[in-house]
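Worksheet for the structure shown next.
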Amino acid sequence: MFRGLSVYTGNAHPEFANDVAEALGQPLGRADVFKFPNDEIFVQIKENAREHDVFVIQTLAGPGTSDHIMELLIMLDAFRRASAGRITAVMPYFAYGQSDKKDQPRVPITARLLADLVGGAGADRFLTMDLHQGQVQGFFSIPGDELSAFLLLVGYFEEEFAGRDDAVVVVPDLGFAKKGRNFAEKLRLPTAFVEKRRRGNTGQTEVVDIVGDIGYRRAIVIDDLINTGGTVLNTIQALQEGGVQDISVACVHPLLTGEAAANICDSGIRELVITDTVPLRSSEHRDKIRVLSVAPLFAETIRRIHEGESVGALFTSPTVQLQLRVR
Ligand code: R5P
């Protein structure tokens, strides 16, 4: 049907794109993607893309989120005009997922706007991982797949935690309650939920209440993303005040802006477990940070999409090997 499988990347996270290409067993396609002195982005695809099944890998995280979004849109347009057979926008982290409803007067729904832009620029499909809310899938008018890193995270904690009677899973944000409970069920652990209050639009939060028992020696705090780290740090403090001695923190998308990584690693936790959907900014505290690579999962999914095989099978029995990098 297509003349071949091609994988390209912008400048958001080339290391991840290289890992995906390596797992697929083929090099990344060549493309120029850079900025002119006037701040405008230039793209040129350096290989024939006519009738190819093209995957453009670009995580939508910062620093430079807006540039990365723009690079992706321009690359999609370039491939459409180069007569690619099918174009898939591969966005390991989809930005603006938290802007998914009009919950204040006169605010936009930016996740919807971004989904429209991706489709409008030329993507025939999208591929992403752990959207902030599952319903964001419906903002796209093109078909797509949402992968999840949770089986890999379960796999990481399984040996040490599964079924233990001295540990609890703590969910620091009620928006993540369902996924957090599923994660705990897979590890056969109880769950506690933190009710937090946001201070306006400052990004700052405070713990209002903890629903559930935290009278355990050990805890895994898990969320879909960590941004400033405020939510997780408040939770860590509440757990430590409650007598929990051994705390592991995990998330899928480590945005870790500002001093988040340092503050979390210095808070007395055992470890911070993340994936590589977003490049790790800090080179410090690597002794406490464990990076689980989801690149093989993306590679296997790309292969299946290209071959027309089931992607759903990956959700129940991951056949791709868990790759753990300790940095
Ligand atoms: C909330 O909706 C998310 O699940 C996270 O809890 C939150 O966005 C984390 O942000 P921060 O690290 O800045 O507290």
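Note on naming: chains are A, B, ... as they come in the structure tokens, residues start from 1 per chain, ligands start from 1 in the order shown.
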At a cut-off of 6 Å, can you tabulate as a Markdown table every residue of chain A near ligand 1 together with its closest atom pair and the distance in Å to one decimal, using only C-alpha atoms and all ligand atoms and ordering rows by chain then number?
| residue | atom | partner | partner_atom_place_in_ligand_line | distance |
| --- | --- | --- | --- | --- |
| A:Asp173 | CA | ligand 1 | 6 (O) | 4.9 |
| A:Gly203 | CA | ligand 1 | 13 (O) | 5.8 |
| A:Asp223 | CA | ligand 1 | 4 (O) | 5.6 |
| A:Asp224 | CA | ligand 1 | 4 (O) | 5.5 |
| A:Leu225 | CA | ligand 1 | 5 (C) | 5.4 |
| A:Ile226 | CA | ligand 1 | 12 (O) | 4.0 |
| A:Asn227 | CA | ligand 1 | 12 (O) | 3.5 |
| A:Thr228 | CA | ligand 1 | 13 (O) | 3.6 |
| A:Gly229 | CA | ligand 1 | 12 (O) | 3.4 |
| A:Gly230 | CA | ligand 1 | 14 (O) | 3.9 |
| A:Thr231 | CA | ligand 1 | 14 (O) | 3.6 |
Keeping only N, CA and C atoms, write the selected residues to a file as a short mmCIF file (atom, residue, chain, number, x, y, z; two decimals), in the first residue's frame.
data_model
loop_
_atom_site.label_atom_id
_atom_site.label_comp_id
_atom_site.auth_asym_id
_atom_site.auth_seq_id
_atom_site.Cartn_x
_atom_site.Cartn_y
_atom_site.Cartn_z
N ASP A 173 -3.40 13.74 42.96
CA ASP A 173 -4.34 14.60 42.24
C ASP A 173 -5.58 13.78 41.92
N GLY A 203 -0.52 28.07 39.73
CA GLY A 203 0.13 26.77 39.62
C GLY A 203 0.43 26.20 41.00
N ASP A 223 1.56 10.04 39.55
CA ASP A 223 0.74 11.03 38.84
C ASP A 223 1.07 10.90 37.35
N ASP A 224 0.25 11.50 36.50
CA ASP A 224 0.57 11.42 35.07
C ASP A 224 1.73 12.34 34.72
N LEU A 225 1.79 13.51 35.37
CA LEU A 225 2.88 14.42 35.06
C LEU A 225 3.32 15.19 36.30
N ILE A 226 4.57 15.60 36.27
CA ILE A 226 5.08 16.50 37.30
C ILE A 226 5.59 17.74 36.58
N ASN A 227 5.08 18.89 36.99
CA ASN A 227 5.46 20.14 36.35
C ASN A 227 6.42 20.90 37.29
N THR A 228 5.88 21.75 38.14
CA THR A 228 6.74 22.48 39.09
C THR A 228 7.14 21.59 40.26
N GLY A 229 6.44 20.50 40.42
CA GLY A 229 6.71 19.59 41.55
C GLY A 229 5.91 19.93 42.79
N GLY A 230 5.18 21.05 42.77
CA GLY A 230 4.44 21.49 43.96
C GLY A 230 3.48 20.43 44.49
N THR A 231 2.71 19.84 43.59
CA THR A 231 1.71 18.84 44.00
C THR A 231 2.38 17.66 44.69
#
Exercise for review: Go through segment 153-185 of chain A and collect every residue that DSSP, computed from the backbone, puts in strand (DSSP E); the answer should be as JSON, numbers by chain.
Suggested key: {"A": [167, 168, 169, 170, 171]}
Kindly export the residues of the current selection with C-alpha atoms, as a CSV table (one decimal), in the first residue's frame.
chain,number,residue,atom,x,y,z
A,167,ALA,CA,3.0,-0.2,51.3
A,168,VAL,CA,0.3,2.1,49.9
A,169,VAL,CA,-0.1,3.9,46.5
A,170,VAL,CA,-0.8,7.6,47.0
A,171,VAL,CA,-2.5,9.6,44.2
Asp32 of chain A: which residues within 8 Å, counting only C-alpha atoms, same-chain residues fewer than 5 positions away excluded, as an mmCIF file with all heavy atoms, in the first residue's frame?
data_model
loop_
_atom_site.group_PDB
_atom_site.id
_atom_site.type_symbol
_atom_site.label_atom_id
_atom_site.label_comp_id
_atom_site.auth_asym_id
_atom_site.auth_seq_id
_atom_site.Cartn_x
_atom_site.Cartn_y
_atom_site.Cartn_z
ATOM 1 N N PHE A 42 12.361 27.024 9.463
ATOM 2 C CA PHE A 42 12.461 26.494 8.101
ATOM 3 C C PHE A 42 12.536 24.973 8.173
ATOM 4 O O PHE A 42 13.218 24.411 9.024
ATOM 5 C CB PHE A 42 13.722 27.024 7.408
ATOM 6 C CG PHE A 42 13.959 26.421 6.056
ATOM 7 C CD1 PHE A 42 13.239 26.856 4.942
ATOM 8 C CD2 PHE A 42 14.901 25.406 5.879
ATOM 9 C CE1 PHE A 42 13.457 26.288 3.690
ATOM 10 C CE2 PHE A 42 15.112 24.837 4.631
ATOM 11 C CZ PHE A 42 14.388 25.283 3.536
ATOM 12 N N VAL A 43 11.821 24.323 7.267
ATOM 13 C CA VAL A 43 11.859 22.854 7.194
ATOM 14 C C VAL A 43 12.083 22.436 5.743
ATOM 15 O O VAL A 43 11.454 22.982 4.835
ATOM 16 C CB VAL A 43 10.518 22.241 7.702
ATOM 17 C CG1 VAL A 43 10.432 20.761 7.349
ATOM 18 C CG2 VAL A 43 10.375 22.432 9.207
ATOM 19 N N GLN A 44 12.994 21.500 5.551
ATOM 20 C CA GLN A 44 13.077 20.836 4.241
ATOM 21 C C GLN A 44 13.329 19.349 4.445
ATOM 22 O O GLN A 44 14.279 18.955 5.123
ATOM 23 C CB GLN A 44 14.192 21.425 3.366
ATOM 24 C CG GLN A 44 14.159 20.799 1.979
ATOM 25 C CD GLN A 44 15.164 21.396 1.019
ATOM 26 O OE1 GLN A 44 16.194 21.929 1.442
ATOM 27 N NE2 GLN A 44 14.879 21.297 -0.266
ATOM 28 N N ILE A 45 12.472 18.539 3.852
ATOM 29 C CA ILE A 45 12.639 17.092 3.919
ATOM 30 C C ILE A 45 13.685 16.722 2.875
ATOM 31 O O ILE A 45 13.551 17.083 1.698
ATOM 32 C CB ILE A 45 11.296 16.360 3.623
ATOM 33 C CG1 ILE A 45 10.150 16.995 4.427
ATOM 34 C CG2 ILE A 45 11.428 14.874 3.854
ATOM 35 C CD1 ILE A 45 10.341 17.043 5.910
ATOM 36 N N LYS A 46 14.707 16.001 3.300
ATOM 37 C CA LYS A 46 15.836 15.760 2.401
ATOM 38 C C LYS A 46 15.752 14.415 1.683
ATOM 39 O O LYS A 46 16.708 13.992 1.050
ATOM 40 C CB LYS A 46 17.160 15.826 3.195
ATOM 41 C CG LYS A 46 17.339 17.110 3.985
ATOM 42 C CD LYS A 46 17.479 18.329 3.117
ATOM 43 C CE LYS A 46 18.912 18.586 2.760
ATOM 44 N NZ LYS A 46 19.051 19.894 2.055
#
Check your understanding: Which neighbours of segment 13-26 of chain A fall inside 8 Å, counting only C-alpha atoms, when residues of the same chain fewer than 6 positions from it are skipped, and could you give them as a VMD selection string?
Key -> chain A and resid 7 57 to 59 276 to 279 295 to 296 298 to 300 303
Per-residue nearest contacts of segment 199-265 of chain A to segment 146-158 of chain A (9 Å; only C-alpha atoms) as JSON lines:
{"residue": "A:Ile220", "atom": "CA", "partner": "A:Phe157", "partner_atom": "CA", "distance": 8.9}
{"residue": "A:Ala250", "atom": "CA", "partner": "A:Leu153", "partner_atom": "CA", "distance": 7.9}
{"residue": "A:Cys251", "atom": "CA", "partner": "A:Leu153", "partner_atom": "CA", "distance": 8.6}
{"residue": "A:Val252", "atom": "CA", "partner": "A:Ala149", "partner_atom": "CA", "distance": 6.5}
Practice item. Any chance you could list, as a PyMOL selection string, the residues in segment 53-297 of chain A that come up alpha helix (DSSP H) when DSSP is run on the backbone? Key: chain A and resi 65-81+110-121+150-161+177-186+230-241+260-265+295-297
Which residues of segment 132-219 of chain A sit at most 12 Å from segment 100-112 of chain A, using only C-alpha atoms? Give each one's shortest atom pair and distance in Å (one decimal place), in chain and ascending residue order, as CSV.
residue,atom,partner,partner_atom,distance
A:His132,CA,A:Asp100,CA,8.9
A:Gln133,CA,A:Asp100,CA,8.1
A:Gly134,CA,A:Asp100,CA,10.4
A:Gln135,CA,A:Asp100,CA,8.6
A:Val136,CA,A:Asp100,CA,6.9
A:Gln137,CA,A:Arg112,CA,9.4
A:Gly138,CA,A:Arg112,CA,8.8
A:Phe139,CA,A:Arg112,CA,5.1
A:Phe140,CA,A:Arg112,CA,7.3
A:Ser141,CA,A:Arg112,CA,10.0
A:Gly200,CA,A:Gln104,CA,10.6
A:Asn201,CA,A:Gln104,CA,10.4
Selection file, N, CA and C atoms, as a compact mmCIF listing (two decimals), in the first residue's frame:
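Output below, filename out-v2.txt:
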# COMPACT_ATOMS: atom_id res chain seq x y z
N HIS A 132 -3.56 13.76 29.44
CA HIS A 132 -3.94 14.19 30.80
C HIS A 132 -5.34 13.69 31.15
N GLN A 133 -6.25 13.72 30.21
CA GLN A 133 -7.57 13.12 30.36
C GLN A 133 -7.87 12.36 29.07
N GLY A 134 -8.40 11.16 29.19
CA GLY A 134 -8.65 10.33 28.02
C GLY A 134 -9.55 10.98 26.98
N GLN A 135 -10.47 11.85 27.46
CA GLN A 135 -11.43 12.43 26.50
C GLN A 135 -10.77 13.38 25.52
N VAL A 136 -9.51 13.76 25.78
CA VAL A 136 -8.80 14.62 24.82
C VAL A 136 -8.66 13.89 23.48
N GLN A 137 -8.68 12.56 23.51
CA GLN A 137 -8.68 11.78 22.26
C GLN A 137 -9.75 12.29 21.30
N GLY A 138 -10.92 12.61 21.88
CA GLY A 138 -12.07 13.02 21.07
C GLY A 138 -11.92 14.42 20.48
N PHE A 139 -10.91 15.16 20.91
CA PHE A 139 -10.68 16.49 20.33
C PHE A 139 -10.11 16.38 18.92
N PHE A 140 -9.52 15.22 18.61
CA PHE A 140 -8.95 15.02 17.27
C PHE A 140 -10.05 14.54 16.33
N SER A 141 -10.04 15.05 15.13
CA SER A 141 -11.01 14.55 14.14
C SER A 141 -10.34 13.52 13.23
N GLY A 200 -5.67 29.88 42.73
CA GLY A 200 -5.91 30.64 41.49
C GLY A 200 -5.22 29.98 40.31
N ASN A 201 -4.63 30.81 39.43
CA ASN A 201 -3.93 30.28 38.27
C ASN A 201 -2.41 30.34 38.47
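Between atom CA of Gly163 of chain A and atom CA of Arg218 of chain A the interatomic distance comes to 12.6 Å.
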